[in-house]
>>> print(open('work_23.cif').read())   # mmCIF, C-alpha atoms
data_run
#
loop_
_atom_site.label_atom_id
_atom_site.label_comp_id
_atom_site.auth_asym_id
_atom_site.auth_seq_id
_atom_site.Cartn_x
_atom_site.Cartn_y
_atom_site.Cartn_z
CA MET W 1 -10.47 37.78 34.13
CA ALA W 2 -8.82 34.84 32.36
CA PHE W 3 -8.29 34.94 28.65
CA ALA W 4 -8.88 31.20 28.31
CA SER W 5 -10.97 28.56 30.02
CA LEU W 6 -11.21 24.81 29.98
CA SER W 7 -14.33 22.72 30.47
CA GLY W 8 -15.08 19.04 30.54
CA ALA W 9 -18.17 16.96 30.00
CA SER W 10 -19.89 18.45 33.01
CA GLY W 11 -19.77 21.89 31.40
CA ALA W 12 -18.11 23.56 34.35
CA ALA W 13 -15.44 25.93 33.06
CA TYR W 14 -12.16 26.62 34.80
CA ASP W 15 -9.73 29.44 34.18
CA VAL W 16 -6.54 28.59 32.35
CA VAL W 17 -3.69 30.09 34.34
CA SER W 18 -1.11 29.46 31.66
CA GLY W 19 -0.59 27.31 28.65
CA VAL W 20 0.50 26.86 25.08
CA LEU W 21 -1.76 25.81 22.24
CA THR W 22 0.23 24.51 19.26
CA VAL W 23 -1.58 24.10 15.95
CA PRO W 24 0.40 22.49 13.12
CA ARG W 25 -0.64 22.55 9.50
CA SER W 26 -0.29 18.78 9.33
CA GLY W 27 -1.22 16.56 12.23
CA VAL W 28 -2.86 16.92 15.61
CA TRP W 29 -2.94 20.16 17.58
CA HIS W 30 -2.29 19.99 21.30
CA ALA W 31 -2.42 22.27 24.30
CA ASP W 32 -0.33 22.11 27.46
CA LEU W 33 -2.32 23.89 30.15
CA VAL W 34 -2.28 24.81 33.81
CA VAL W 35 -5.85 25.05 35.03
CA ASP W 36 -7.08 26.75 38.17
CA THR W 37 -8.78 23.77 39.80
CA ASP W 38 -7.86 20.58 41.61
CA ASP W 39 -10.90 18.72 40.30
CA ALA W 40 -9.09 16.29 38.03
CA ALA W 41 -12.18 14.16 37.51
CA SER W 42 -14.03 16.95 35.77
CA LEU W 43 -11.19 17.47 33.31
CA SER W 44 -10.91 13.98 31.86
CA GLY W 45 -12.25 12.75 28.56
CA ALA W 46 -13.61 15.30 26.10
CA LEU W 47 -12.48 18.87 26.76
CA THR W 48 -13.23 22.29 25.31
CA LEU W 49 -10.59 25.00 25.38
CA THR W 50 -12.12 28.42 24.93
CA LEU W 51 -10.04 31.45 23.99
CA GLY W 52 -10.92 35.12 23.95
CA GLU W 53 -14.15 35.02 25.98
CA GLY W 54 -15.70 32.34 23.90
CA ALA W 55 -14.63 33.66 20.51
CA SER W 56 -12.58 30.57 19.74
CA ALA W 57 -13.44 27.06 20.97
CA TRP W 58 -11.16 24.04 20.54
CA GLN W 59 -12.56 20.52 20.94
CA GLY W 60 -10.11 17.95 22.17
CA THR W 61 -9.44 15.16 24.62
CA PHE W 62 -7.46 14.81 27.84
CA PHE W 63 -4.16 13.08 27.06
CA ARG W 64 -2.07 13.19 30.22
CA GLY W 65 -1.88 15.23 33.39
CA GLY W 66 -2.74 15.56 37.05
CA ASP W 67 -2.80 17.62 40.20
CA VAL W 68 0.32 19.69 40.80
CA PHE W 69 0.20 21.68 44.02
CA GLY W 70 -3.53 22.26 43.83
CA ARG W 71 -3.79 22.98 40.15
CA ILE W 72 -4.31 20.66 37.23
CA GLU W 73 -1.54 20.49 34.69
CA LEU W 74 -2.55 18.61 31.60
CA ARG W 75 -2.03 18.03 27.93
CA MET W 76 -5.05 17.88 25.68
CA VAL W 77 -4.96 16.80 22.04
CA GLY W 78 -7.28 17.75 19.24
CA GLY W 79 -10.14 15.43 18.39
CA ALA W 80 -10.68 12.15 20.23
CA GLY W 81 -6.98 11.44 20.76
CA GLY W 82 -7.36 8.08 19.03
CA LEU W 83 -4.80 8.22 16.25
CA ALA W 84 -2.27 6.23 18.27
CA LYS W 85 -4.72 3.38 18.58
CA GLN W 86 -3.60 0.07 17.10
CA LEU W 87 -5.88 -0.98 14.25
CA PRO W 88 -6.02 -4.41 12.58
CA GLY W 89 -5.11 -5.03 8.99
CA GLN W 90 -7.73 -5.08 6.27
CA SER W 91 -7.79 -5.58 2.53
CA TYR W 92 -10.08 -3.75 0.13
CA ARG W 93 -11.01 -4.11 -3.48
CA ALA W 94 -12.60 -1.31 -5.53
CA ALA W 95 -12.97 1.00 -2.53
CA THR W 96 -13.11 4.79 -2.50
CA LEU W 97 -10.61 6.91 -0.65
CA GLY W 98 -13.50 8.19 1.43
CA THR W 99 -14.41 4.68 2.56
CA LEU W 100 -10.84 3.98 3.59
CA LEU W 101 -10.53 7.30 5.45
CA GLU W 102 -13.76 6.74 7.31
CA ASP W 103 -12.85 3.16 8.22
CA ILE W 104 -9.48 4.18 9.62
CA LEU W 105 -10.86 7.15 11.53
CA ALA W 106 -13.86 5.23 12.82
CA GLY W 107 -11.51 2.58 14.13
CA ALA W 108 -9.60 5.31 15.94
CA GLY W 109 -12.74 6.92 17.31
CA GLU W 110 -12.17 10.02 15.18
CA SER W 111 -14.42 11.72 12.64
CA LEU W 112 -13.82 12.93 9.11
CA ASP W 113 -14.74 16.55 8.61
CA VAL W 114 -17.73 17.22 6.36
CA THR W 115 -15.78 19.79 4.34
CA VAL W 116 -13.45 17.16 2.85
CA ASP W 117 -13.67 17.49 -0.93
CA ALA W 118 -16.22 15.10 -2.40
CA ASP W 119 -14.10 14.40 -5.47
CA LEU W 120 -11.18 13.47 -3.27
CA LYS W 121 -13.33 11.07 -1.28
CA ALA W 122 -14.71 9.57 -4.48
CA GLN W 123 -11.30 8.55 -5.82
CA LEU W 124 -11.49 4.84 -6.51
CA LEU W 125 -8.69 2.52 -5.51
CA PRO W 126 -8.65 -0.85 -7.34
CA ALA W 127 -7.25 -2.43 -4.21
CA TRP W 128 -5.78 -1.41 -0.88
CA THR W 129 -4.13 -3.19 2.01
CA ARG W 130 -4.14 -1.67 5.47
CA ILE W 131 -1.22 -3.08 7.42
CA ALA W 132 -2.04 -3.47 11.10
CA GLY W 133 -0.56 -0.69 13.19
CA PRO W 134 -1.36 2.75 14.61
CA ALA W 135 -4.23 4.56 12.95
CA SER W 136 -1.92 7.47 12.18
CA THR W 137 0.44 5.17 10.29
CA GLN W 138 -2.43 3.70 8.28
CA LEU W 139 -3.61 7.22 7.50
CA LEU W 140 -0.15 8.34 6.40
CA ALA W 141 0.28 5.25 4.24
CA LEU W 142 -3.07 5.92 2.56
CA LEU W 143 -2.14 9.51 1.77
CA ALA W 144 1.47 8.80 0.78
CA PRO W 145 0.59 8.34 -2.94
CA LEU W 146 -1.06 11.80 -2.85
CA PRO W 147 1.81 14.14 -1.99
CA ALA W 148 -0.32 17.27 -2.48
CA VAL W 149 -2.81 16.09 0.13
CA THR W 150 -2.35 16.83 3.80
CA TRP W 151 -4.42 16.25 6.92
CA ARG W 152 -4.95 17.91 10.27
CA VAL W 153 -7.30 18.02 13.21
CA LEU W 154 -9.50 21.08 13.01
CA GLN W 155 -10.58 23.37 15.77
CA GLY W 156 -13.84 21.49 16.10
CA GLY W 157 -12.04 18.17 16.65
CA THR W 158 -12.77 16.59 13.28
CA ILE W 159 -10.08 15.58 10.82
CA TRP W 160 -9.73 17.38 7.53
CA VAL W 161 -7.95 15.83 4.55
CA GLY W 162 -7.25 17.70 1.35
CA GLU W 163 -5.09 20.01 -0.70
CA GLU W 164 -4.34 23.42 0.71
CA SER W 165 -6.22 26.29 -0.88
CA TRP W 166 -4.31 28.91 1.11
CA PRO W 167 -7.07 31.40 1.87
CA ASP W 168 -6.13 34.77 3.31
CA ALA W 169 -6.18 35.03 7.09
CA PRO W 170 -8.87 37.31 8.53
CA ALA W 171 -7.85 40.89 8.99
CA LEU W 172 -6.69 41.49 12.57
CA ASP W 173 -6.81 44.76 14.48
CA ASP W 174 -3.62 46.32 15.79
CA VAL W 175 -1.18 43.63 14.78
CA GLN W 176 2.40 44.23 15.83
CA ILE W 177 5.26 42.06 14.69
CA LEU W 178 7.37 41.84 17.80
CA ASP W 179 10.32 40.12 16.22
CA LYS W 180 11.39 38.47 13.01
CA ASP W 181 13.51 35.36 12.87
CA ALA W 182 14.14 34.77 9.20
CA ARG W 183 16.37 31.78 9.89
CA VAL W 184 13.52 29.62 11.12
CA GLY W 185 10.62 31.59 9.64
CA ARG W 186 9.15 32.67 12.99
CA TRP W 187 7.34 35.85 13.97
CA PRO W 188 5.96 36.49 17.43
CA LEU W 189 2.99 38.84 17.11
CA GLY W 190 1.51 41.41 19.40
CA VAL W 191 -2.23 40.99 18.79
CA THR W 192 -5.16 40.25 21.06
CA THR W 193 -7.14 38.24 18.52
CA GLY W 194 -4.34 36.16 17.12
CA TYR W 195 -6.35 32.99 17.82
CA GLN W 196 -8.11 33.70 14.54
CA LEU W 197 -4.94 32.75 12.70
CA LEU W 198 -4.82 29.14 11.55
CA PRO W 199 -2.24 27.09 9.66
CA GLY W 200 -3.11 26.78 6.01
CA GLN W 201 -3.90 30.50 5.81
CA VAL W 202 -1.86 33.27 4.23
CA PHE W 203 -0.94 36.08 6.62
CA GLN W 204 0.80 39.13 5.17
CA GLY W 205 1.88 37.04 2.18
CA LEU W 206 3.20 34.23 4.35
CA GLN W 207 1.92 30.67 4.29
CA LEU W 208 1.32 29.71 7.91
CA GLN W 209 2.75 26.30 8.87
CA VAL W 210 2.38 26.39 12.64
CA VAL W 211 0.45 28.79 14.87
CA GLU W 212 1.15 28.83 18.57
CA HIS W 213 -0.88 30.68 21.19
CA THR W 214 0.76 31.34 24.53
CA ILE W 215 -1.78 31.87 27.28
CA THR W 216 -1.15 33.82 30.44
CA THR W 217 -3.50 35.31 32.99
CA ASP W 218 -3.48 38.68 31.26
CA ALA W 219 -2.95 37.96 27.58
CA ILE W 220 -2.84 35.54 24.70
CA ARG W 221 0.21 35.96 22.49
CA THR W 222 0.48 34.39 19.08
CA THR W 223 3.59 33.18 17.31
CA ILE W 224 3.54 32.08 13.69
CA TRP W 225 5.89 29.83 11.76
CA PHE W 226 5.79 30.14 8.02
CA GLY W 227 7.51 28.86 4.93
CA SER W 228 7.51 25.73 2.79
CA MET A 1 13.69 12.49 33.12
CA ASN A 2 11.63 9.66 31.74
CA PHE A 3 13.80 8.25 28.98
CA ASP A 4 11.37 5.44 28.28
CA ARG A 5 8.62 7.91 27.45
CA ILE A 6 10.94 9.98 25.31
CA LYS A 7 12.29 6.90 23.60
CA SER A 8 8.80 5.58 22.94
CA GLN A 9 7.87 8.85 21.29
CA VAL A 10 10.95 8.70 19.11
CA VAL A 11 10.09 5.11 18.24
CA ALA A 12 6.58 6.21 17.30
CA ILE A 13 7.92 8.87 14.98
CA VAL A 14 10.40 6.51 13.35
CA THR A 15 7.68 3.86 12.99
CA GLN A 16 5.46 6.30 11.16
CA LEU A 17 8.22 7.46 8.86
CA THR A 18 9.40 3.96 8.00
CA ALA A 19 5.97 2.33 7.73
CA LYS A 20 6.06 2.76 3.97
CA TYR A 21 9.04 0.43 3.79
CA ASP A 22 6.92 -2.40 5.12
CA ALA A 23 5.22 -2.23 1.77
CA PHE A 24 8.46 -3.09 0.00
CA ALA A 25 8.86 -6.39 1.81
CA LEU A 26 7.73 -9.78 0.50
CA TYR A 27 5.40 -11.67 2.81
CA PRO A 28 4.83 -15.44 2.78
CA ALA A 29 1.22 -16.24 2.00
CA VAL A 30 -1.09 -19.11 1.10
CA VAL A 31 -3.29 -19.22 -1.98
CA VAL A 32 -6.92 -19.29 -0.85
CA ALA A 33 -8.42 -19.29 -4.32
CA GLN A 34 -7.64 -18.51 -7.92
CA ASN A 35 -10.19 -16.37 -9.71
CA ALA A 36 -11.46 -16.76 -13.26
CA ASP A 37 -9.24 -13.88 -14.37
CA GLY A 38 -6.17 -15.68 -13.04
CA THR A 39 -5.69 -13.45 -10.01
CA LEU A 40 -5.25 -14.91 -6.55
CA ASP A 41 -6.92 -14.47 -3.20
CA LEU A 42 -4.21 -14.74 -0.57
CA SER A 43 -3.95 -15.31 3.16
CA PRO A 44 -0.65 -13.91 4.48
CA ASP A 45 1.18 -15.58 7.35
CA ASP A 46 1.85 -12.15 8.88
CA GLU A 47 -1.03 -11.22 11.17
CA ARG A 48 -0.56 -7.55 10.30
CA LEU A 49 -1.69 -8.23 6.76
CA LYS A 50 -4.66 -10.47 7.45
CA PRO A 51 -7.24 -11.08 6.13
CA GLY A 52 -5.17 -10.66 2.99
CA PRO A 53 -5.78 -9.13 -0.42
CA GLN A 54 -8.06 -10.51 -3.07
CA HIS A 55 -7.41 -10.53 -6.79
CA ALA A 56 -3.66 -10.13 -6.45
CA GLN A 57 -1.97 -10.12 -9.83
CA ILE A 58 0.50 -12.93 -10.53
CA ARG A 59 3.97 -11.81 -11.52
CA LEU A 60 5.79 -14.83 -12.96
CA GLY A 61 8.78 -13.00 -14.34
CA LEU A 62 8.20 -14.78 -17.65
CA PRO A 63 6.28 -12.78 -20.25
CA GLY A 64 3.66 -14.78 -22.09
CA ALA A 65 3.38 -17.39 -19.38
CA SER A 66 0.36 -18.00 -17.20
CA VAL A 67 -0.34 -20.58 -14.57
CA THR A 68 -3.09 -22.22 -12.62
CA VAL A 69 -1.96 -23.05 -9.14
CA LYS A 70 -3.18 -25.37 -6.47
CA LYS A 71 -5.22 -24.04 -3.57
CA GLY A 72 -2.98 -23.97 -0.56
CA SER A 73 0.12 -23.16 -2.59
CA ARG A 74 2.66 -20.96 -0.88
CA VAL A 75 3.67 -17.72 -2.54
CA LEU A 76 5.25 -14.41 -1.64
CA LEU A 77 2.91 -11.43 -1.39
CA GLY A 78 4.32 -8.08 -2.40
CA PHE A 79 3.16 -4.64 -3.48
CA GLU A 80 4.34 -3.24 -6.78
CA GLY A 81 6.50 -0.21 -6.15
CA GLY A 82 5.54 -0.36 -2.51
CA ASP A 83 2.03 0.68 -3.54
CA LEU A 84 -0.52 -0.90 -1.20
CA SER A 85 -3.13 -0.62 -3.94
CA LYS A 86 -1.19 -3.10 -6.12
CA PRO A 87 -0.83 -6.47 -4.40
CA ILE A 88 1.06 -9.10 -6.40
CA ALA A 89 1.94 -12.76 -5.93
CA THR A 90 5.37 -13.96 -6.90
CA LEU A 91 7.77 -16.87 -6.40
CA TRP A 92 6.28 -20.28 -5.79
CA ASP A 93 7.30 -23.42 -4.05
CA ALA A 94 7.90 -26.46 -6.23
CA SER A 95 4.59 -28.26 -5.68
CA SER A 96 2.27 -25.38 -6.57
CA LEU A 97 1.78 -25.73 -10.30
CA ASP A 98 -1.33 -27.17 -11.90
CA THR A 99 -1.07 -25.85 -15.44
CA LEU A 100 1.56 -23.86 -17.28
CA THR A 101 0.53 -22.00 -20.42
CA ILE A 102 3.12 -20.36 -22.63
CA THR A 103 1.87 -17.97 -25.25
CA ALA A 104 4.75 -17.64 -27.71
CA GLY A 105 5.33 -18.12 -31.42
CA THR A 106 8.59 -19.98 -30.81
CA VAL A 107 10.16 -21.68 -27.84
CA ASN A 108 13.90 -21.94 -28.26
CA LEU A 109 15.47 -24.91 -26.55
CA ASN A 110 19.03 -23.64 -26.91
CA ALA A 111 20.76 -20.27 -26.89
CA SER A 112 21.28 -20.07 -30.64
CA GLY A 113 17.63 -20.76 -31.35
CA ASP A 114 18.24 -23.47 -33.88
CA VAL A 115 16.61 -26.04 -31.64
CA ALA A 116 13.07 -24.82 -31.23
CA VAL A 117 9.35 -25.55 -30.96
CA THR A 118 7.27 -23.32 -33.19
CA GLN A 119 3.57 -23.02 -33.93
CA THR A 120 3.03 -22.51 -37.66
CA GLY A 121 0.35 -20.40 -39.27
CA ASN A 122 -1.91 -23.38 -39.96
CA GLY A 123 -1.72 -24.54 -36.37
CA GLN A 124 0.93 -27.21 -36.77
CA ILE A 125 3.61 -27.67 -34.15
CA LYS A 126 7.11 -27.64 -35.64
CA LEU A 127 10.06 -29.21 -33.89
CA ILE A 128 13.31 -28.06 -35.36
CA SER A 129 16.74 -29.54 -34.77
CA PRO A 130 19.67 -29.03 -37.14
CA ASN A 131 21.17 -32.46 -36.63
CA PRO A 132 19.87 -35.42 -38.63
CA GLY A 133 18.03 -37.68 -36.25
CA GLY A 134 18.19 -34.90 -33.70
CA ILE A 135 14.64 -35.44 -32.43
CA VAL A 136 14.18 -38.75 -30.73
CA LEU A 137 11.51 -40.53 -28.76
CA GLY A 138 12.12 -43.01 -25.99
CA ASP A 139 10.79 -44.46 -22.79
CA GLY A 140 13.56 -43.12 -20.59
CA SER A 141 15.38 -46.42 -20.39
CA GLY A 142 17.95 -45.33 -22.94
CA ASP A 143 16.12 -47.02 -25.79
CA GLU A 144 15.56 -44.08 -28.10
CA ALA A 145 15.09 -43.69 -31.80
CA PRO A 146 14.83 -40.73 -34.14
CA ILE A 147 11.35 -39.63 -35.26
CA ALA A 148 10.44 -40.47 -38.86
CA ARG A 149 8.84 -37.70 -40.91
CA VAL A 150 6.46 -37.75 -43.87
CA GLY A 151 8.53 -38.49 -46.98
CA ASP A 152 11.35 -40.22 -45.12
CA LEU A 153 12.44 -43.38 -46.94
CA VAL A 154 12.02 -46.67 -45.19
CA THR A 155 13.46 -50.02 -46.23
CA GLY A 156 12.58 -53.50 -45.19
CA SER A 157 13.04 -57.08 -46.11
CA GLY A 158 11.35 -60.40 -45.70
CA THR A 159 11.64 -64.06 -46.65
CA GLY A 160 9.22 -66.47 -48.15
CA VAL A 161 8.97 -69.79 -49.86
CA LEU A 162 8.02 -69.95 -53.51
CA ALA A 163 4.78 -71.90 -53.71
CA GLY A 164 4.59 -72.31 -57.44
CA ALA A 165 6.48 -71.90 -60.74
CA VAL A 166 7.59 -68.54 -61.95
CA ILE A 167 6.92 -67.79 -65.66
CA ILE A 168 8.70 -64.79 -67.17
CA ASN A 169 7.54 -63.75 -70.64
CA GLY A 170 6.10 -67.18 -71.12
CA VAL A 171 9.35 -68.87 -70.31
CA PRO A 172 9.60 -70.90 -67.10
CA SER A 173 12.27 -69.53 -64.77
CA PRO A 174 14.81 -71.73 -63.10
CA LEU A 175 13.19 -70.95 -59.72
CA ALA A 176 11.44 -74.07 -58.60
CA PRO A 177 8.60 -74.25 -56.10
CA GLY A 178 9.96 -74.47 -52.55
CA THR A 179 12.78 -72.04 -53.27
CA THR A 180 13.33 -69.60 -50.38
CA LEU A 181 13.17 -66.03 -51.54
CA VAL A 182 14.56 -63.00 -49.74
CA ALA A 183 12.86 -59.76 -50.72
CA THR A 184 13.73 -56.19 -49.89
CA PHE A 185 11.39 -53.23 -50.30
CA LEU A 186 11.74 -49.48 -50.38
CA GLY A 187 9.01 -47.04 -49.32
CA GLU A 188 8.39 -43.74 -47.69
CA ILE A 189 6.41 -42.43 -44.70
CA GLY A 190 2.97 -41.24 -45.79
CA PRO A 191 0.95 -38.32 -44.36
CA GLY A 192 -1.15 -40.65 -42.26
CA GLY A 193 -4.03 -39.31 -40.11
CA ALA A 194 -4.51 -36.02 -38.28
CA THR A 195 -2.71 -37.26 -35.15
CA ILE A 196 0.71 -38.80 -34.72
CA ALA A 197 0.60 -42.32 -33.44
CA VAL A 198 3.81 -43.60 -31.92
CA ALA A 199 4.11 -47.36 -31.91
CA ASP A 200 5.13 -49.00 -28.70
#
>>> encode(input="work_23.cif", output="structure tokens")
Amino acid sequence: MAFASLSGASGAAYDVVSGVLTVPRSGVWHADLVVDTDDAASLSGALTLTLGEGASAWQGTFFRGGDVFGRIELRMVGGAGGLAKQLPGQSYRAATLGTLLEDILAGAGESLDVTVDADLKAQLLPAWTRIAGPASTQLLALLAPLPAVTWRVLQGGTIWVGEESWPDAPALDDVQILDKDARVGRWPLGVTTGYQLLPGQVFQGLQLQVVEHTITTDAIRTTIWFGS
Amino acid sequence: MNFDRIKSQVVAIVTQLTAKYDAFALYPAVVVAQNADGTLDLSPDDERLKPGPQHAQIRLGLPGASVTVKKGSRVLLGFEGGDLSKPIATLWDASSLDTLTITAGTVNLNASGDVAVTQTGNGQIKLISPNPGGIVLGDGSGDEAPIARVGDLVTGSGTGVLAGAVIINGVPSPLAPGTTLVATFLGEIGPGGATIAVAD
């Protein structure tokens, strides 16, 4: 029984033979996967990566890949994969931050998460100039004057923007810390439900910056990176 | 190994990190309109910045000065402190100016300040120059003369022919009719009207 599966628009799910899901605290998560099928057509466009028998579902988009010796090797990215899209310039006067975020993301084919703080979205900018370029660059430029604000693609594929609140990570059963690398702030964990850990959470007093899930046919192993 | 793909990814990262520095550049632009509050609507030459900001503040570099500029004037568009929420217009070409307004109590025409234009409390304009005759008017041909002020003495003279006898204290004077007289007079410039009229 596979610990992870991948499905496309058709809904047909295929076992993930191996892979790595990397979830950063800031930016777009991505997964590099080897899938037990040669049906490349069914794994294009919108994809859903499911971990732990459906306990954790990740909505993303096919980025690059193809048939390798009868299996599909691919990279999927979180959300619609549109942040590299070139957007035109635009000038605004008396616009809210929310309007600017939604315009940029709509141009990229992405969606702003509904949990983005209303007060943050309501911030009024007397003027703003979007310089033509990648949507990600326009987004970074917009958030640059707000150093406490970060952004990332969530598990559901929408984009969250806001200040970290650092909630505690859910309690996990039978967690083993397999190693500790204090130089880079990295702990590989022995836990079967590590996919519940997300960047932006606090795990055993540590602020999680990156969470990586390594998928094999018989297990999912989680590695955390922490620190400032 | 696909170096082009790797290189393009590095380029993408560098582009993102350095994008902010685009906001520190000055971009040639055309004035589309000037608003009632003095701000400008601009159309940048750079396609990346089109359609261009509205209500960009003018930064003349001269406190107290304001301008009205011609539509179509060329300016440089910038962003104060690299902040894309603060578009400004600065530096003009020579043919842009319509009106220049200077709001200042005194305009010094030399470094020491003793040659100056000052607005007095009752609204008069005062031209000050320490040298006598230091303020002149002319037509640019080199024919210039100092300005006369209220109270300045003026002298003149004229000639005439005596038409009749001159009696002084009942005694006829030796001046006979037909005698040519040369007269000189002394006066001073009066306050005149509310405006200064300069004779051609």
>>> interface_residues(input="work_23.cif", of="chain W", to="chain A", cutoff="8 Å", atoms="all atoms listed in the file", output="number ranges by chain")
W: 88-93, 125-133, 136-137, 140-141, 145
>>> residues_around(input="work_23.cif", residues="region 156-159 of chain A", least_positions_apart="6", cutoff="12 Å", atoms="only C-alpha atoms", output="PyMOL selection string")
chain A and resi 179-188
>>> closest_residue(input="work_23.cif", among="A:Gln124, A:Gly81, A:Arg149, A:Val67", to="Val136 (chain A)", atoms="all atoms listed in the file")
A:Arg149
>>> residues_around(input="work_23.cif", residues="region 117-123 of chain W", least_positions_apart="2", cutoff="8 Å", atoms="only C-alpha atoms", output="PyMOL selection string")
chain W and resi 96-99+115+125+162
>>> resolve_selection(input="work_23.cif", expression="the PyMOL selection byres ((chain W and resi 224) around 12)", output="VMD selection string")
chain W and resid 21 to 25 177 to 182 184 to 191 194 to 204 206 to 214 221 to 223 225 to 227
>>> resolve_selection(input="work_23.cif", expression="the PyMOL selection byres ((chain W and resi 108) around 9)", output="JSON list (two decimals) with C-alpha atoms, keeping the file's coordinate frame")
[["chain", "number", "residue", "atom", "x", "y", "z"],
["W", 80, "ALA", "CA", -10.68, 12.15, 20.23],
["W", 81, "GLY", "CA", -6.98, 11.44, 20.76],
["W", 82, "GLY", "CA", -7.36, 8.08, 19.03],
["W", 83, "LEU", "CA", -4.80, 8.22, 16.25],
["W", 84, "ALA", "CA", -2.27, 6.23, 18.27],
["W", 85, "LYS", "CA", -4.72, 3.38, 18.58],
["W", 86, "GLN", "CA", -3.60, 0.07, 17.10],
["W", 87, "LEU", "CA", -5.88, -0.98, 14.25],
["W", 103, "ASP", "CA", -12.85, 3.16, 8.22],
["W", 104, "ILE", "CA", -9.48, 4.18, 9.62],
["W", 105, "LEU", "CA", -10.86, 7.15, 11.53],
["W", 106, "ALA", "CA", -13.86, 5.23, 12.82],
["W", 107, "GLY", "CA", -11.51, 2.58, 14.13],
["W", 109, "GLY", "CA", -12.74, 6.92, 17.31],
["W", 110, "GLU", "CA", -12.17, 10.02, 15.18],
["W", 111, "SER", "CA", -14.42, 11.72, 12.64],
["W", 134, "PRO", "CA", -1.36, 2.75, 14.61],
["W", 135, "ALA", "CA", -4.23, 4.56, 12.95],
["W", 136, "SER", "CA", -1.92, 7.47, 12.18]]
>>> closest_residue(input="work_23.cif", among="A:Asp93, A:Ala29, A:Val75, A:Gly178", to="Ile58 (chain A)", atoms="only C-alpha atoms")
A:Val75
>>> resolve_selection(input="work_23.cif", expression="the PyMOL selection byres ((chain W and resi 47) around 9)", output="ChimeraX atom specification")
/W:6-9,43-46,48-49,58-62,76
>>> residues_around(input="work_23.cif", residues="Ala116 (chain A)", least_positions_apart="6", cutoff="6 Å", atoms="all atoms listed in the file", output="list of chain:residue names")
A:Val107, A:Asn108, A:Leu109, A:Leu127, A:Ile128
>>> atom_distance(input="work_23.cif", atom1="CA of Ser10 (chain W)", atom2="CA of Asp218 (chain W)")
26.1 Å
>>> atom_distance(input="work_23.cif", atom1="CA of Leu74 (chain W)", atom2="CA of Val153 (chain W)")
19.0 Å
>>> atom_distance(input="work_23.cif", atom1="CA of Glu73 (chain W)", atom2="CA of Ala40 (chain W)")
9.3 Å
>>> residues_around(input="work_23.cif", residues="Leu60 (chain A)", least_positions_apart="2", cutoff="10 Å", atoms="all atoms listed in the file", output="VMD selection string")
chain A and resid 57 to 58 62 to 67 88 to 92
>>> build_atoms(input="work_23.cif", residues="region 80-88 of chain A", atoms="N, CA, C and O atoms", output="PDB file, in the coordinates of the input")
ATOM      1  N   GLU A  80       3.549  -3.840  -5.707  1.00  0.00           N
ATOM      2  CA  GLU A  80       4.340  -3.240  -6.780  1.00  0.00           C
ATOM      3  C   GLU A  80       4.728  -1.812  -6.440  1.00  0.00           C
ATOM      4  O   GLU A  80       3.856  -0.976  -6.168  1.00  0.00           O
ATOM      5  N   GLY A  81       6.024  -1.548  -6.461  1.00  0.00           N
ATOM      6  CA  GLY A  81       6.500  -0.210  -6.150  1.00  0.00           C
ATOM      7  C   GLY A  81       6.185   0.233  -4.750  1.00  0.00           C
ATOM      8  O   GLY A  81       6.153   1.430  -4.449  1.00  0.00           O
ATOM      9  N   GLY A  82       5.927  -0.706  -3.871  1.00  0.00           N
ATOM     10  CA  GLY A  82       5.540  -0.360  -2.510  1.00  0.00           C
ATOM     11  C   GLY A  82       4.150   0.249  -2.433  1.00  0.00           C
ATOM     12  O   GLY A  82       3.777   0.824  -1.417  1.00  0.00           O
ATOM     13  N   ASP A  83       3.362   0.089  -3.489  1.00  0.00           N
ATOM     14  CA  ASP A  83       2.030   0.680  -3.540  1.00  0.00           C
ATOM     15  C   ASP A  83       1.020  -0.308  -2.986  1.00  0.00           C
ATOM     16  O   ASP A  83       0.803  -1.380  -3.570  1.00  0.00           O
ATOM     17  N   LEU A  84       0.406   0.016  -1.858  1.00  0.00           N
ATOM     18  CA  LEU A  84      -0.520  -0.900  -1.200  1.00  0.00           C
ATOM     19  C   LEU A  84      -1.791  -1.125  -2.002  1.00  0.00           C
ATOM     20  O   LEU A  84      -2.600  -1.979  -1.645  1.00  0.00           O
ATOM     21  N   SER A  85      -1.973  -0.382  -3.076  1.00  0.00           N
ATOM     22  CA  SER A  85      -3.130  -0.620  -3.940  1.00  0.00           C
ATOM     23  C   SER A  85      -2.818  -1.647  -5.022  1.00  0.00           C
ATOM     24  O   SER A  85      -3.694  -1.967  -5.830  1.00  0.00           O
ATOM     25  N   LYS A  86      -1.599  -2.184  -5.062  1.00  0.00           N
ATOM     26  CA  LYS A  86      -1.190  -3.100  -6.120  1.00  0.00           C
ATOM     27  C   LYS A  86      -0.560  -4.359  -5.540  1.00  0.00           C
ATOM     28  O   LYS A  86       0.652  -4.566  -5.637  1.00  0.00           O
ATOM     29  N   PRO A  87      -1.376  -5.227  -4.938  1.00  0.00           N
ATOM     30  CA  PRO A  87      -0.830  -6.470  -4.400  1.00  0.00           C
ATOM     31  C   PRO A  87      -0.478  -7.428  -5.537  1.00  0.00           C
ATOM     32  O   PRO A  87      -1.192  -7.520  -6.536  1.00  0.00           O
ATOM     33  N   ILE A  88       0.630  -8.126  -5.391  1.00  0.00           N
ATOM     34  CA  ILE A  88       1.060  -9.100  -6.400  1.00  0.00           C
ATOM     35  C   ILE A  88       1.506 -10.371  -5.682  1.00  0.00           C
ATOM     36  O   ILE A  88       1.858 -10.357  -4.506  1.00  0.00           O
TER      37      ILE A  88
END
